[in-house]
$ cat final.cif   # mmCIF, N, CA and C atoms
data_data
loop_
_atom_site.label_atom_id
_atom_site.label_comp_id
_atom_site.auth_asym_id
_atom_site.auth_seq_id
_atom_site.Cartn_x
_atom_site.Cartn_y
_atom_site.Cartn_z
N MET A 1 63.80 129.42 117.12
CA MET A 1 64.50 128.56 118.04
C MET A 1 65.14 127.42 117.26
N THR A 2 66.39 127.17 117.51
CA THR A 2 67.08 126.12 116.77
C THR A 2 66.89 124.79 117.49
N PRO A 3 66.83 123.70 116.73
CA PRO A 3 66.66 122.39 117.34
C PRO A 3 67.95 121.95 118.03
N THR A 4 67.83 121.03 118.98
CA THR A 4 69.01 120.49 119.64
C THR A 4 69.35 119.10 119.11
N ILE A 5 68.38 118.45 118.48
CA ILE A 5 68.63 117.15 117.88
C ILE A 5 68.03 117.12 116.48
N ILE A 6 68.58 116.26 115.66
CA ILE A 6 68.09 116.13 114.28
C ILE A 6 68.27 114.68 113.85
N THR A 7 67.37 114.20 113.03
CA THR A 7 67.49 112.83 112.54
C THR A 7 68.22 112.83 111.20
N GLN A 8 68.80 111.69 110.89
CA GLN A 8 69.47 111.56 109.60
C GLN A 8 68.45 111.61 108.47
N LYS A 9 67.24 111.18 108.76
CA LYS A 9 66.16 111.27 107.77
C LYS A 9 65.88 112.74 107.44
N ASP A 10 65.90 113.62 108.46
CA ASP A 10 65.72 115.05 108.22
C ASP A 10 66.83 115.60 107.34
N LEU A 11 68.06 115.17 107.61
CA LEU A 11 69.18 115.63 106.80
C LEU A 11 69.01 115.24 105.34
N ARG A 12 68.50 114.04 105.12
CA ARG A 12 68.33 113.54 103.76
C ARG A 12 67.15 114.23 103.07
N GLU A 13 66.01 114.27 103.74
CA GLU A 13 64.79 114.76 103.10
C GLU A 13 64.66 116.27 103.11
N THR A 14 64.99 116.91 104.21
CA THR A 14 64.80 118.35 104.33
C THR A 14 65.98 119.14 103.78
N HIS A 15 67.18 118.67 104.06
CA HIS A 15 68.38 119.44 103.70
C HIS A 15 69.05 118.92 102.43
N GLY A 16 68.58 117.81 101.88
CA GLY A 16 69.10 117.32 100.61
C GLY A 16 70.45 116.63 100.68
N TRP A 17 70.80 116.07 101.82
CA TRP A 17 72.07 115.37 101.95
C TRP A 17 71.99 114.01 101.29
N SER A 18 73.12 113.55 100.77
CA SER A 18 73.20 112.19 100.22
C SER A 18 73.47 111.22 101.37
N ARG A 19 73.21 109.95 101.12
CA ARG A 19 73.48 108.95 102.16
C ARG A 19 74.97 108.92 102.50
N TYR A 20 75.81 109.09 101.49
CA TYR A 20 77.26 109.11 101.70
C TYR A 20 77.65 110.26 102.62
N LEU A 21 77.13 111.47 102.35
CA LEU A 21 77.46 112.63 103.16
C LEU A 21 77.00 112.43 104.61
N ILE A 22 75.83 111.86 104.77
CA ILE A 22 75.32 111.58 106.12
C ILE A 22 76.25 110.61 106.83
N ARG A 23 76.62 109.54 106.14
CA ARG A 23 77.49 108.53 106.75
C ARG A 23 78.84 109.14 107.13
N MET A 24 79.41 109.97 106.25
CA MET A 24 80.72 110.55 106.52
C MET A 24 80.70 111.55 107.67
N LEU A 25 79.67 112.38 107.74
CA LEU A 25 79.65 113.42 108.78
C LEU A 25 79.07 112.95 110.10
N CYS A 26 78.18 111.99 110.06
CA CYS A 26 77.53 111.56 111.31
C CYS A 26 78.27 110.44 112.01
N LYS A 27 79.32 109.89 111.40
CA LYS A 27 80.02 108.78 112.05
C LYS A 27 80.71 109.21 113.34
N ASN A 28 81.13 110.47 113.45
CA ASN A 28 81.81 110.95 114.66
C ASN A 28 80.87 111.66 115.62
N VAL A 29 79.60 111.79 115.24
CA VAL A 29 78.63 112.48 116.08
C VAL A 29 77.98 111.46 117.01
N SER A 30 78.07 111.74 118.32
CA SER A 30 77.42 110.83 119.26
C SER A 30 75.93 111.13 119.26
N PHE A 31 75.12 110.10 119.14
CA PHE A 31 73.69 110.34 119.08
C PHE A 31 73.10 110.35 120.47
N LYS A 32 72.08 111.18 120.66
CA LYS A 32 71.44 111.34 121.97
C LYS A 32 70.68 110.09 122.37
N LEU A 33 69.78 109.63 121.48
CA LEU A 33 68.99 108.45 121.74
C LEU A 33 68.40 107.96 120.43
N ALA A 34 67.91 106.76 120.45
CA ALA A 34 67.28 106.21 119.25
C ALA A 34 65.81 105.98 119.54
N GLN A 35 64.96 106.46 118.65
CA GLN A 35 63.52 106.29 118.79
C GLN A 35 62.99 105.70 117.51
N ARG A 36 62.29 104.59 117.61
CA ARG A 36 61.66 103.97 116.44
C ARG A 36 62.66 103.85 115.29
N SER A 37 63.82 103.37 115.59
CA SER A 37 64.90 103.15 114.63
C SER A 37 65.41 104.44 113.98
N LEU A 38 65.10 105.60 114.57
CA LEU A 38 65.65 106.86 114.10
C LEU A 38 66.72 107.31 115.08
N ARG A 39 67.86 107.64 114.56
CA ARG A 39 68.96 108.10 115.39
C ARG A 39 68.88 109.61 115.52
N LEU A 40 68.79 110.12 116.73
CA LEU A 40 68.68 111.56 116.98
C LEU A 40 70.07 112.11 117.29
N ASP A 41 70.63 112.85 116.35
CA ASP A 41 71.98 113.36 116.49
C ASP A 41 71.99 114.74 117.13
N SER A 42 73.06 115.03 117.83
CA SER A 42 73.23 116.33 118.48
C SER A 42 73.56 117.38 117.42
N VAL A 43 72.80 118.46 117.40
CA VAL A 43 72.99 119.51 116.40
C VAL A 43 74.33 120.21 116.61
N GLY A 44 74.71 120.44 117.86
CA GLY A 44 75.99 121.11 118.13
C GLY A 44 77.17 120.35 117.57
N GLU A 45 77.19 119.04 117.79
CA GLU A 45 78.29 118.23 117.26
C GLU A 45 78.23 118.16 115.74
N LEU A 46 77.03 118.09 115.19
CA LEU A 46 76.88 118.04 113.74
C LEU A 46 77.38 119.34 113.10
N LYS A 47 77.10 120.48 113.74
CA LYS A 47 77.59 121.75 113.22
C LYS A 47 79.12 121.78 113.22
N ARG A 48 79.74 121.24 114.26
CA ARG A 48 81.20 121.18 114.30
C ARG A 48 81.75 120.31 113.18
N GLU A 49 81.10 119.18 112.93
CA GLU A 49 81.53 118.30 111.84
C GLU A 49 81.39 118.99 110.49
N ILE A 50 80.31 119.76 110.32
CA ILE A 50 80.10 120.52 109.08
C ILE A 50 81.22 121.54 108.91
N GLU A 51 81.57 122.23 109.99
CA GLU A 51 82.64 123.23 109.92
C GLU A 51 83.97 122.60 109.54
N VAL A 52 84.26 121.42 110.11
CA VAL A 52 85.49 120.70 109.77
C VAL A 52 85.50 120.34 108.29
N LYS A 53 84.38 119.84 107.81
CA LYS A 53 84.27 119.45 106.40
C LYS A 53 84.42 120.68 105.50
N LEU A 54 83.85 121.81 105.88
CA LEU A 54 83.94 123.01 105.06
C LEU A 54 85.36 123.58 105.03
N ASP A 55 86.16 123.31 106.06
CA ASP A 55 87.54 123.80 106.10
C ASP A 55 88.44 123.05 105.11
N ARG A 56 88.02 121.89 104.69
CA ARG A 56 88.83 121.12 103.74
C ARG A 56 88.77 121.79 102.37
N SER A 57 89.89 121.76 101.69
CA SER A 57 89.93 122.43 100.39
C SER A 57 89.32 121.58 99.28
N ARG A 58 89.39 120.27 99.40
CA ARG A 58 88.88 119.40 98.35
C ARG A 58 87.43 119.01 98.64
N ILE A 59 86.52 119.88 98.26
CA ILE A 59 85.10 119.62 98.48
C ILE A 59 84.35 120.16 97.26
N GLN A 60 83.40 119.39 96.78
CA GLN A 60 82.62 119.80 95.62
C GLN A 60 81.78 121.04 95.96
N GLU A 61 81.59 121.90 94.97
CA GLU A 61 80.85 123.14 95.20
C GLU A 61 79.41 122.86 95.63
N LYS A 62 78.77 121.87 95.02
CA LYS A 62 77.39 121.54 95.38
C LYS A 62 77.32 121.07 96.84
N THR A 63 78.29 120.27 97.24
CA THR A 63 78.34 119.80 98.64
C THR A 63 78.58 120.97 99.57
N ARG A 64 79.47 121.87 99.19
CA ARG A 64 79.76 123.05 100.00
C ARG A 64 78.50 123.89 100.22
N GLN A 65 77.74 124.11 99.14
CA GLN A 65 76.51 124.90 99.23
C GLN A 65 75.48 124.21 100.13
N THR A 66 75.35 122.90 99.99
CA THR A 66 74.42 122.13 100.82
C THR A 66 74.80 122.24 102.29
N LEU A 67 76.09 122.10 102.58
CA LEU A 67 76.55 122.16 103.97
C LEU A 67 76.40 123.57 104.54
N LEU A 68 76.70 124.58 103.75
CA LEU A 68 76.54 125.96 104.23
C LEU A 68 75.09 126.27 104.55
N LYS A 69 74.19 125.83 103.66
CA LYS A 69 72.76 126.06 103.89
C LYS A 69 72.29 125.34 105.15
N THR A 70 72.72 124.10 105.32
CA THR A 70 72.34 123.34 106.51
C THR A 70 72.91 123.98 107.77
N HIS A 71 74.16 124.41 107.72
CA HIS A 71 74.80 125.04 108.88
C HIS A 71 74.04 126.31 109.27
N ASP A 72 73.67 127.12 108.28
CA ASP A 72 72.91 128.33 108.57
C ASP A 72 71.56 128.01 109.19
N ASN A 73 70.88 127.00 108.67
CA ASN A 73 69.57 126.62 109.22
C ASN A 73 69.71 126.10 110.64
N LEU A 74 70.73 125.31 110.90
CA LEU A 74 70.93 124.77 112.26
C LEU A 74 71.38 125.85 113.23
N SER A 75 71.98 126.90 112.70
CA SER A 75 72.44 128.01 113.56
C SER A 75 71.34 129.02 113.83
N GLY A 76 70.18 128.82 113.21
CA GLY A 76 69.06 129.73 113.44
C GLY A 76 69.03 130.88 112.46
N LYS A 77 69.91 130.86 111.49
CA LYS A 77 69.89 131.91 110.47
C LYS A 77 68.90 131.48 109.40
N SER A 78 68.34 132.44 108.72
CA SER A 78 67.42 132.11 107.64
C SER A 78 67.70 133.01 106.46
N ASN A 79 66.89 132.89 105.45
CA ASN A 79 67.09 133.71 104.26
C ASN A 79 66.40 135.06 104.38
N VAL A 80 65.90 135.39 105.55
CA VAL A 80 65.26 136.67 105.77
C VAL A 80 66.32 137.68 106.19
N ILE A 81 66.36 138.79 105.51
CA ILE A 81 67.32 139.83 105.82
C ILE A 81 66.64 140.88 106.68
N GLN A 82 67.21 141.16 107.84
CA GLN A 82 66.64 142.15 108.72
C GLN A 82 67.08 143.54 108.28
N VAL A 83 66.12 144.43 108.15
CA VAL A 83 66.41 145.79 107.71
C VAL A 83 65.81 146.75 108.72
N ASP A 84 66.59 147.72 109.12
CA ASP A 84 66.12 148.76 110.04
C ASP A 84 65.59 149.92 109.22
N PHE A 85 64.26 149.95 109.04
CA PHE A 85 63.65 151.01 108.24
C PHE A 85 63.68 152.35 108.94
N LEU A 86 63.89 152.33 110.24
CA LEU A 86 63.89 153.58 111.00
C LEU A 86 65.27 154.23 111.00
N GLN A 87 66.25 153.57 110.44
CA GLN A 87 67.63 154.02 110.52
C GLN A 87 67.83 155.43 109.94
N LYS A 88 67.12 155.75 108.87
CA LYS A 88 67.33 157.04 108.22
C LYS A 88 66.54 158.17 108.85
N LEU A 89 65.66 157.84 109.78
CA LEU A 89 64.89 158.90 110.45
C LEU A 89 65.73 159.57 111.52
N PRO A 90 65.46 160.83 111.79
CA PRO A 90 66.14 161.49 112.92
C PRO A 90 65.74 160.81 114.23
N ALA A 91 66.57 160.99 115.22
CA ALA A 91 66.37 160.29 116.49
C ALA A 91 65.03 160.61 117.12
N ASP A 92 64.58 161.85 117.08
CA ASP A 92 63.32 162.21 117.72
C ASP A 92 62.12 161.56 117.01
N GLN A 93 62.16 161.48 115.68
CA GLN A 93 61.07 160.82 114.94
C GLN A 93 61.08 159.31 115.19
N ARG A 94 62.28 158.74 115.24
CA ARG A 94 62.40 157.31 115.52
C ARG A 94 61.85 156.99 116.90
N LEU A 95 62.20 157.83 117.88
CA LEU A 95 61.72 157.64 119.24
C LEU A 95 60.20 157.77 119.31
N ALA A 96 59.64 158.75 118.61
CA ALA A 96 58.19 158.95 118.61
C ALA A 96 57.49 157.74 117.99
N MET A 97 58.04 157.21 116.91
CA MET A 97 57.43 156.05 116.27
C MET A 97 57.49 154.82 117.18
N LEU A 98 58.62 154.61 117.82
CA LEU A 98 58.75 153.47 118.73
C LEU A 98 57.81 153.61 119.93
N MET A 99 57.61 154.82 120.42
CA MET A 99 56.70 155.03 121.54
C MET A 99 55.25 154.75 121.11
N ARG A 100 54.89 155.15 119.88
CA ARG A 100 53.54 154.84 119.37
C ARG A 100 53.34 153.33 119.27
N GLU A 101 54.34 152.64 118.76
CA GLU A 101 54.24 151.18 118.67
C GLU A 101 54.10 150.54 120.04
N ARG A 102 54.84 151.07 121.01
CA ARG A 102 54.76 150.55 122.38
C ARG A 102 53.36 150.75 122.95
N GLU A 103 52.78 151.91 122.71
CA GLU A 103 51.43 152.19 123.20
C GLU A 103 50.41 151.26 122.53
N GLN A 104 50.58 151.02 121.24
CA GLN A 104 49.67 150.11 120.54
C GLN A 104 49.77 148.71 121.12
N LEU A 105 50.99 148.28 121.39
CA LEU A 105 51.17 146.95 121.98
C LEU A 105 50.59 146.90 123.40
N ARG A 106 50.73 147.97 124.15
CA ARG A 106 50.16 148.02 125.50
C ARG A 106 48.64 147.93 125.45
N GLU A 107 48.02 148.65 124.50
CA GLU A 107 46.57 148.59 124.34
C GLU A 107 46.12 147.19 123.95
N GLN A 108 46.85 146.56 123.04
CA GLN A 108 46.50 145.19 122.66
C GLN A 108 46.62 144.25 123.85
N GLY A 109 47.67 144.45 124.64
CA GLY A 109 47.86 143.62 125.83
C GLY A 109 46.73 143.82 126.83
N ASN A 110 46.30 145.05 127.02
CA ASN A 110 45.20 145.33 127.94
C ASN A 110 43.91 144.69 127.46
N LYS A 111 43.66 144.74 126.15
CA LYS A 111 42.46 144.09 125.60
C LYS A 111 42.51 142.59 125.84
N LEU A 112 43.68 142.01 125.66
CA LEU A 112 43.81 140.57 125.90
C LEU A 112 43.58 140.23 127.37
N LEU A 113 44.12 141.06 128.26
CA LEU A 113 43.91 140.83 129.70
C LEU A 113 42.43 140.93 130.06
N GLU A 114 41.73 141.90 129.48
CA GLU A 114 40.30 142.03 129.73
C GLU A 114 39.55 140.80 129.24
N LYS A 115 39.91 140.31 128.07
CA LYS A 115 39.27 139.11 127.51
C LYS A 115 39.54 137.90 128.40
N ILE A 116 40.74 137.81 128.91
CA ILE A 116 41.08 136.70 129.81
C ILE A 116 40.24 136.76 131.07
N GLU A 117 40.08 137.95 131.62
CA GLU A 117 39.27 138.10 132.84
C GLU A 117 37.82 137.72 132.57
N VAL A 118 37.27 138.11 131.42
CA VAL A 118 35.90 137.74 131.07
C VAL A 118 35.79 136.22 130.95
N ASP A 119 36.76 135.60 130.28
CA ASP A 119 36.74 134.14 130.12
C ASP A 119 36.86 133.44 131.46
N ARG A 120 37.70 133.96 132.35
CA ARG A 120 37.85 133.36 133.68
C ARG A 120 36.55 133.48 134.47
N ALA A 121 35.86 134.64 134.36
CA ALA A 121 34.60 134.84 135.07
C ALA A 121 33.54 133.85 134.55
N GLU A 122 33.52 133.67 133.23
CA GLU A 122 32.57 132.72 132.64
C GLU A 122 32.88 131.29 133.09
N ALA A 123 34.16 130.97 133.20
CA ALA A 123 34.56 129.63 133.63
C ALA A 123 34.16 129.40 135.10
N ARG A 124 34.28 130.42 135.93
CA ARG A 124 33.87 130.29 137.34
C ARG A 124 32.37 130.05 137.46
N GLN A 125 31.60 130.70 136.59
CA GLN A 125 30.15 130.55 136.62
C GLN A 125 29.73 129.15 136.18
N LEU A 126 30.51 128.55 135.32
CA LEU A 126 30.18 127.20 134.84
C LEU A 126 30.45 126.12 135.87
N ARG A 127 31.24 126.41 136.87
CA ARG A 127 31.55 125.42 137.90
C ARG A 127 30.36 125.18 138.69
#
$ encode --input "final.cif" --output "structure tokens"
Amino acid sequence: MTPTIITQKDLRETHGWSRYLIRMLCKNVSFKLAQRSLRLDSVGELKREIEVKLDRSRIQEKTRQTLLKTHDNLSGKSNVIQVDFLQKLPADQRLAMLMREREQLREQGNKLLEKIEVDRAEARQLR
């Protein structure tokens, strides 16, 4: 889940932004609210400002990389690459494997429901 607000402190400490970069990009971003002297900026507006900055041709490569990484993180992308391992299997084998996984998840869910019922019964007895 991507955040909806971010502090300038987070940009500096987590994403490696310089104070200058923060000042330049956050000046046009309307902040949601201020808490304990921290300005909470809107992530959507900040992403738009990053995109505008990235469209400019005169930008240092290090700054470009920092902004791209931040934009990807704010967009919910990560460095994890999703791979479909079932892609090379024939359709019937893929379907059989997915059905087995579904049954395993159903069994786990049933066990959890049973445990919840036992816990609820114990809680009723304690009243």
$ select_by_dssp --input "final.cif" --residues "chain A" --states "strand (DSSP E or B)" --output "ChimeraX atom specification"
/A:5-7,31-35,38-42
$ select_by_dssp --input "final.cif" --residues "chain A" --states "alpha helix (DSSP H)" --output "VMD selection string"
chain A and resid 8 to 13 19 to 26 43 to 55 61 to 74 91 to 126
$ axis_aligned_box --input "final.cif" --around "region 46-54 of chain A" --padding-each-side "6 Å" --output "JSON"
{"center_x": 81.2, "center_y": 120.8, "center_z": 110.1, "size_x": 20.6, "size_y": 17.5, "size_z": 22.2}
$ residues_around --input "final.cif" --residues "region 64-70 of chain A" --least-positions-apart "5" --cutoff "6.5 Å" --atoms "all atoms listed in the file" --output "PyMOL selection string"
chain A and resi 15+50+59+75
$ decode --input "final.cif" --residues "chain A" --atoms "C-alpha atoms" --output "PDB file, in the first residue's frame"
ATOM      1  CA  MET A   1       0.000   0.000   0.000  1.00  0.00           C
ATOM      2  CA  THR A   2       1.419   3.352  -0.957  1.00  0.00           C
ATOM      3  CA  PRO A   3       1.379   6.252   1.497  1.00  0.00           C
ATOM      4  CA  THR A   4      -0.784   9.311   0.878  1.00  0.00           C
ATOM      5  CA  ILE A   5       1.421  11.721   2.800  1.00  0.00           C
ATOM      6  CA  ILE A   6       5.151  11.984   3.349  1.00  0.00           C
ATOM      7  CA  THR A   7       7.353  14.247   5.428  1.00  0.00           C
ATOM      8  CA  GLN A   8      10.308  16.181   4.116  1.00  0.00           C
ATOM      9  CA  LYS A   9      12.360  14.430   6.782  1.00  0.00           C
ATOM     10  CA  ASP A  10      11.437  11.097   5.145  1.00  0.00           C
ATOM     11  CA  LEU A  11      12.553  12.433   1.778  1.00  0.00           C
ATOM     12  CA  ARG A  12      15.888  13.457   3.242  1.00  0.00           C
ATOM     13  CA  GLU A  13      16.603  10.431   5.426  1.00  0.00           C
ATOM     14  CA  THR A  14      14.899   7.557   3.612  1.00  0.00           C
ATOM     15  CA  HIS A  15      15.165   8.606  -0.023  1.00  0.00           C
ATOM     16  CA  GLY A  16      18.459  10.520   0.147  1.00  0.00           C
ATOM     17  CA  TRP A  17      17.205  13.890  -1.076  1.00  0.00           C
ATOM     18  CA  SER A  18      19.265  17.015  -0.494  1.00  0.00           C
ATOM     19  CA  ARG A  19      17.762  20.002   1.287  1.00  0.00           C
ATOM     20  CA  TYR A  20      17.962  21.939  -1.983  1.00  0.00           C
ATOM     21  CA  LEU A  21      16.035  19.252  -3.897  1.00  0.00           C
ATOM     22  CA  ILE A  22      13.380  19.153  -1.177  1.00  0.00           C
ATOM     23  CA  ARG A  23      13.034  22.931  -1.230  1.00  0.00           C
ATOM     24  CA  MET A  24      12.790  23.052  -5.038  1.00  0.00           C
ATOM     25  CA  LEU A  25      10.243  20.252  -5.437  1.00  0.00           C
ATOM     26  CA  CYS A  26       8.119  20.800  -2.343  1.00  0.00           C
ATOM     27  CA  LYS A  27       7.604  24.540  -2.795  1.00  0.00           C
ATOM     28  CA  ASN A  28       4.623  23.944  -5.132  1.00  0.00           C
ATOM     29  CA  VAL A  29       3.202  21.013  -3.159  1.00  0.00           C
ATOM     30  CA  SER A  30       0.354  21.947  -0.859  1.00  0.00           C
ATOM     31  CA  PHE A  31       0.826  20.261   2.480  1.00  0.00           C
ATOM     32  CA  LYS A  32      -2.021  18.405   4.152  1.00  0.00           C
ATOM     33  CA  LEU A  33      -1.254  19.408   7.737  1.00  0.00           C
ATOM     34  CA  ALA A  34       1.614  20.122  10.062  1.00  0.00           C
ATOM     35  CA  GLN A  35       2.283  17.923  13.076  1.00  0.00           C
ATOM     36  CA  ARG A  36       5.037  18.624  15.583  1.00  0.00           C
ATOM     37  CA  SER A  37       6.734  20.970  13.124  1.00  0.00           C
ATOM     38  CA  LEU A  38       6.720  18.277  10.414  1.00  0.00           C
ATOM     39  CA  ARG A  39       5.073  19.202   7.152  1.00  0.00           C
ATOM     40  CA  LEU A  40       3.057  16.305   5.699  1.00  0.00           C
ATOM     41  CA  ASP A  41       3.095  16.619   1.916  1.00  0.00           C
ATOM     42  CA  SER A  42       0.656  15.009  -0.492  1.00  0.00           C
ATOM     43  CA  VAL A  43       2.306  12.087  -2.289  1.00  0.00           C
ATOM     44  CA  GLY A  44       0.195  12.567  -5.429  1.00  0.00           C
ATOM     45  CA  GLU A  45       1.293  16.163  -5.867  1.00  0.00           C
ATOM     46  CA  LEU A  46       4.892  15.264  -5.040  1.00  0.00           C
ATOM     47  CA  LYS A  47       4.866  12.554  -7.724  1.00  0.00           C
ATOM     48  CA  ARG A  48       3.645  15.120 -10.268  1.00  0.00           C
ATOM     49  CA  GLU A  49       6.446  17.497  -9.274  1.00  0.00           C
ATOM     50  CA  ILE A  50       8.972  14.653  -9.649  1.00  0.00           C
ATOM     51  CA  GLU A  51       7.618  13.886 -13.128  1.00  0.00           C
ATOM     52  CA  VAL A  52       7.925  17.557 -14.128  1.00  0.00           C
ATOM     53  CA  LYS A  53      11.502  17.652 -12.857  1.00  0.00           C
ATOM     54  CA  LEU A  54      12.371  14.419 -14.693  1.00  0.00           C
ATOM     55  CA  ASP A  55      11.021  15.856 -17.973  1.00  0.00           C
ATOM     56  CA  ARG A  56      13.631  18.613 -17.877  1.00  0.00           C
ATOM     57  CA  SER A  57      16.705  17.887 -19.922  1.00  0.00           C
ATOM     58  CA  ARG A  58      19.191  19.647 -17.651  1.00  0.00           C
ATOM     59  CA  ILE A  59      19.265  17.373 -14.628  1.00  0.00           C
ATOM     60  CA  GLN A  60      22.227  15.621 -13.029  1.00  0.00           C
ATOM     61  CA  GLU A  61      22.299  11.838 -13.439  1.00  0.00           C
ATOM     62  CA  LYS A  62      22.551  11.256  -9.680  1.00  0.00           C
ATOM     63  CA  THR A  63      19.504  13.472  -9.109  1.00  0.00           C
ATOM     64  CA  ARG A  64      17.629  11.677 -11.886  1.00  0.00           C
ATOM     65  CA  GLN A  65      18.346   8.278 -10.307  1.00  0.00           C
ATOM     66  CA  THR A  66      17.272   9.521  -6.857  1.00  0.00           C
ATOM     67  CA  LEU A  67      14.027  10.928  -8.248  1.00  0.00           C
ATOM     68  CA  LEU A  68      13.264   7.797 -10.286  1.00  0.00           C
ATOM     69  CA  LYS A  69      13.821   5.585  -7.251  1.00  0.00           C
ATOM     70  CA  THR A  70      11.614   7.806  -5.085  1.00  0.00           C
ATOM     71  CA  HIS A  71       8.888   7.945  -7.752  1.00  0.00           C
ATOM     72  CA  ASP A  72       8.876   4.147  -8.029  1.00  0.00           C
ATOM     73  CA  ASN A  73       8.667   3.754  -4.241  1.00  0.00           C
ATOM     74  CA  LEU A  74       5.829   6.273  -3.980  1.00  0.00           C
ATOM     75  CA  SER A  75       4.017   4.538  -6.835  1.00  0.00           C
ATOM     76  CA  GLY A  76       4.112   1.222  -4.990  1.00  0.00           C
ATOM     77  CA  LYS A  77       6.711  -0.347  -7.239  1.00  0.00           C
ATOM     78  CA  SER A  78       9.632  -2.112  -5.659  1.00  0.00           C
ATOM     79  CA  ASN A  79      12.779  -3.871  -6.689  1.00  0.00           C
ATOM     80  CA  VAL A  80      11.008  -7.228  -6.597  1.00  0.00           C
ATOM     81  CA  ILE A  81      10.412  -8.684 -10.028  1.00  0.00           C
ATOM     82  CA  GLN A  82       7.273 -10.764 -10.361  1.00  0.00           C
ATOM     83  CA  VAL A  83       7.806 -13.979 -12.291  1.00  0.00           C
ATOM     84  CA  ASP A  84       5.119 -16.410 -13.381  1.00  0.00           C
ATOM     85  CA  PHE A  85       6.760 -19.784 -12.791  1.00  0.00           C
ATOM     86  CA  LEU A  86       3.673 -21.567 -14.049  1.00  0.00           C
ATOM     87  CA  GLN A  87       3.856 -19.889 -17.445  1.00  0.00           C
ATOM     88  CA  LYS A  88       5.739 -22.721 -19.133  1.00  0.00           C
ATOM     89  CA  LEU A  89       3.440 -25.453 -17.843  1.00  0.00           C
ATOM     90  CA  PRO A  90       0.579 -26.712 -19.991  1.00  0.00           C
ATOM     91  CA  ALA A  91      -2.813 -25.318 -19.081  1.00  0.00           C
ATOM     92  CA  ASP A  92      -4.093 -28.509 -17.441  1.00  0.00           C
ATOM     93  CA  GLN A  93      -1.021 -28.823 -15.175  1.00  0.00           C
ATOM     94  CA  ARG A  94      -1.211 -25.139 -14.283  1.00  0.00           C
ATOM     95  CA  LEU A  95      -4.891 -25.503 -13.428  1.00  0.00           C
ATOM     96  CA  ALA A  96      -4.219 -28.602 -11.305  1.00  0.00           C
ATOM     97  CA  MET A  97      -1.473 -26.809  -9.389  1.00  0.00           C
ATOM     98  CA  LEU A  98      -3.643 -23.753  -8.761  1.00  0.00           C
ATOM     99  CA  MET A  99      -6.502 -25.971  -7.558  1.00  0.00           C
ATOM    100  CA  ARG A 100      -4.136 -27.739  -5.116  1.00  0.00           C
ATOM    101  CA  GLU A 101      -2.997 -24.374  -3.779  1.00  0.00           C
ATOM    102  CA  ARG A 102      -6.614 -23.281  -3.399  1.00  0.00           C
ATOM    103  CA  GLU A 103      -7.442 -26.428  -1.431  1.00  0.00           C
ATOM    104  CA  GLN A 104      -4.422 -25.896   0.823  1.00  0.00           C
ATOM    105  CA  LEU A 105      -5.526 -22.337   1.490  1.00  0.00           C
ATOM    106  CA  ARG A 106      -9.088 -23.513   2.177  1.00  0.00           C
ATOM    107  CA  GLU A 107      -7.789 -26.073   4.695  1.00  0.00           C
ATOM    108  CA  GLN A 108      -5.666 -23.429   6.397  1.00  0.00           C
ATOM    109  CA  GLY A 109      -8.682 -21.131   6.530  1.00  0.00           C
ATOM    110  CA  ASN A 110     -10.832 -23.864   8.062  1.00  0.00           C
ATOM    111  CA  LYS A 111      -8.186 -24.544  10.713  1.00  0.00           C
ATOM    112  CA  LEU A 112      -8.095 -20.859  11.562  1.00  0.00           C
ATOM    113  CA  LEU A 113     -11.886 -20.729  11.817  1.00  0.00           C
ATOM    114  CA  GLU A 114     -11.858 -23.731  14.151  1.00  0.00           C
ATOM    115  CA  LYS A 115      -9.214 -22.062  16.318  1.00  0.00           C
ATOM    116  CA  ILE A 116     -11.270 -18.879  16.428  1.00  0.00           C
ATOM    117  CA  GLU A 117     -14.342 -20.816  17.541  1.00  0.00           C
ATOM    118  CA  VAL A 118     -12.336 -22.531  20.301  1.00  0.00           C
ATOM    119  CA  ASP A 119     -10.972 -19.155  21.455  1.00  0.00           C
ATOM    120  CA  ARG A 120     -14.456 -17.624  21.414  1.00  0.00           C
ATOM    121  CA  ALA A 121     -15.832 -20.550  23.473  1.00  0.00           C
ATOM    122  CA  GLU A 122     -13.020 -20.112  26.005  1.00  0.00           C
ATOM    123  CA  ALA A 123     -13.707 -16.375  26.166  1.00  0.00           C
ATOM    124  CA  ARG A 124     -17.425 -17.020  26.847  1.00  0.00           C
ATOM    125  CA  GLN A 125     -16.517 -19.364  29.692  1.00  0.00           C
ATOM    126  CA  LEU A 126     -14.309 -16.712  31.276  1.00  0.00           C
ATOM    127  CA  ARG A 127     -17.185 -14.246  31.495  1.00  0.00           C
TER     128      ARG A 127
END
